[in-house]
Structure formats: C-alpha cells, structure tokens
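Engineer: I'd like to ask you about the structure that follows.
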Amino acid sequence: MKKIATLLSLLFIAVSASAAGHNDDQHKSDAIYESVRQQYTHGRISADSVAGVGLYHKAWSPALAERCLKLAAADGNLRSTMELGVLYAFSPEFSSRQAEGLKLLEAAAKGGSKEANEYLGLYYFNHGDYTRAKSCFDAGAPFKNGFAYAALGSMYMDGNGVAKNSAKVRESYHLAALKGYPRGEALYGFNLRTKTGGAIDYPDSFFWLYIGGDLGDDAARTTLYLPRLNHNTPTTETEKKALTALQFIEMAQRGKSIKNDPLYKDGFLKGLKAQEQAAEQGDDWARYYLGSMNYNGDFLNQNYAQALRYYEPIARNGKLPRTALAVVNERLAEMYRDGKGTKADASKADHYMHRAAQYGSLTAYKSVEKITR
C-alpha cells in the first residue's frame, strides 16, 4: 500500500507540475497580449507591429498569435487578415475554422495581397482543385514562398490544371529551392538527377539535396545516406510496418558506402571546388552549404572555425531566406556560447540567439523568452 501511495503522490506531483507549466504559459500569453492591446489602443504601436508580435510568438503559442492578429484584422489591417486566414486554413489547432480561414484569405486577396493568393493556391492544390489553384497562383506570382513554386512544379510534372511541361517543372523547383523551402530543394535536387527539363547535373543535385536535407527534408537526407531527422511516432499497425520497412531501407543504405554512388563521385567531389570558389566570391548559398558541412561533419571533417568563417557573412548579409537564416544564427549562437571554433563570447551568443528567434527558430525563441516547456 505504501508503494502505491508513493506512486500516486509522484503522479500527482507530475500532473501538478504539468498544470503549473500550462498556467505559467497562459499567464505569460495573457500578459503579452494585454501589453500589445494597451499599446495599440493608445496608438503607441501600429497594426503591422501588432501582427509582427503575433507572428513572432506563433510557433510557441498559435492562440496568442490568433489574439494579436484578430486585434489588428478587426481594423482592416491587410497583413493581419492574411496571416489569420493562414492560421485558420492550415494550422491543425484551428482545423474547425478552415472555412473561415478561406474567407479571410479571399478577402485579403481581394484587398491586394499577392501572398494571400499563394496560400489560396496551396489550399486548392491540397484539395485537388487544380484549376482554381492555377488561377490563384497566376494572381500571386511572383511568389514570396517556395511552397507555391513547388506546388506549381508538381502540377507541371503531372499535368494537373496545366499542360505537362518538363522545362517548367525544373524552373519551378529551382525557384522553390532558392526561396529556402526544404521540400523544394529536395525536389530540385531529385530533378537534376534526371533529364526532366534539362541535362543531368550531379554537382548541383548533390548541392541542393544537401541543403534541403540540412534544413529538414528527410527524403533528401536518406538519398545522401544521412540519418533522417523527422521520424514521427507511428499510431497504427500500418504506420508501424511502413516505418519498419523504411528503417530497413535506411540501414541497408548506410551499410553501403556513399563513395560508390555517382551522386557522390560525380556530384560532391566534382562540385566541391566550384562551391568553394562561389563562396569566396560571395555566394551565400555556397557559404551555407560549406558552413553546414563543416558544422555537421558531413562529407567534410568537422571544423567549427571553418563553419564560423562561412556562416558569419551570411548572418551579416541577411539575404538568404528566413529558414536558412534561423539555422545559421542559432548555430553561431551555440558556437559563441560554447567556444566552438572561437573564443566564447556571451554577448555575441546572445545577439545571434535573438536573431535566430526573430527568424523563426523555436529553440532560440524558447531560450530568449525563457520558455521551459
């Protein structure tokens, strides 16, 4: 009985701690919102600033983002209307409000938001309405987000809503890659291994597959014989079997040597010097590629000093997409914090961590905002 009582008391402590953590989060969320509301009401910050605050906190608390966006959207702020529509149309937390999200996106598109048209195109693409998707993509182009180019490339590949066009497939995937969309970078890398839309280009294929994999695309990582990052916990027997089969394939791949793969021999090895030259000439994607390899110890020996040398100009320039800038600034913060490849510098570490949070890194956000859960 004493053992059972002890287990129950431990369970009570765990539940209480969880509830306390939730309450702390709620108090923090309420305090942030009330501060924003007061400043906005008294004209000390603009509607765009309200939207910016909401989006900054979005990864940690979609509910807080919603409250901030609703505050500014109620006054007709176009950016807030569009972002609230995105939140409702695409976030699992608001799945019951998808129809409302669609209406908000349509209102923002009518108000002149090209980005709203991108999201409308994605919505219709995901729902198989390719004619509407193409119409929305036409109204939104040129795109701000890589997912729109990736979706359009897939439409040209399969002939959905458009005539098949292999040149347009490659062009669209390339633009998706340049926008920093990991799936787009993977798709472009895969495309360059074929003659779909142009000649086979192993060096560029390896280059974009590595970048896409480093930014989180697991298919790209598996192709390069790197461990996957995003294994989700399977919930059904079918998913468990599929995951087991996938793990078997990955283990078989890692049992081989990538050095026998044409992608490595005709891609990485032949392309390395060209990327080093491009980095020296100021190409930030080449710097990202080499900096990440040195940081991770992938295909090159791990060398934090070299990673620092490639990453710092990227952070200063701020020209790469937010996905890449978040990674670069978070890694710079870690290297300066822990003295990896350089002398430890708490001030620089703090600077880069704040920048990473602003670019959307949830890990950095939790560190900067002192979020423990």
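Following the order of the structure tokens, first chain is A, next is B, and so on, with residues numbered from 1 inside each chain and ligands from 1 in the order they appear.
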Give me the residues within 12 Å of Asp75 in chain A as number ranges by chain, counting only C-alpha atoms and dropping any in the same chain fewer than 4 places off.
Structural biologist: A: 40-41, 46-48, 50-51, 68-71, 79-81
Engineer: Report as a VMD selection string all protein, DNA and RNA residues lying within 10 Å of range 210-220 of chain A, evaluated on only C-alpha atoms, omitting residues in the same chain fewer than 6 positions from it.
Structural biologist: chain A and resid 177 180 to 190 204 226 to 231 268 285 to 286 288 to 290 292 to 293 296 298 323 to 324 326 to 327
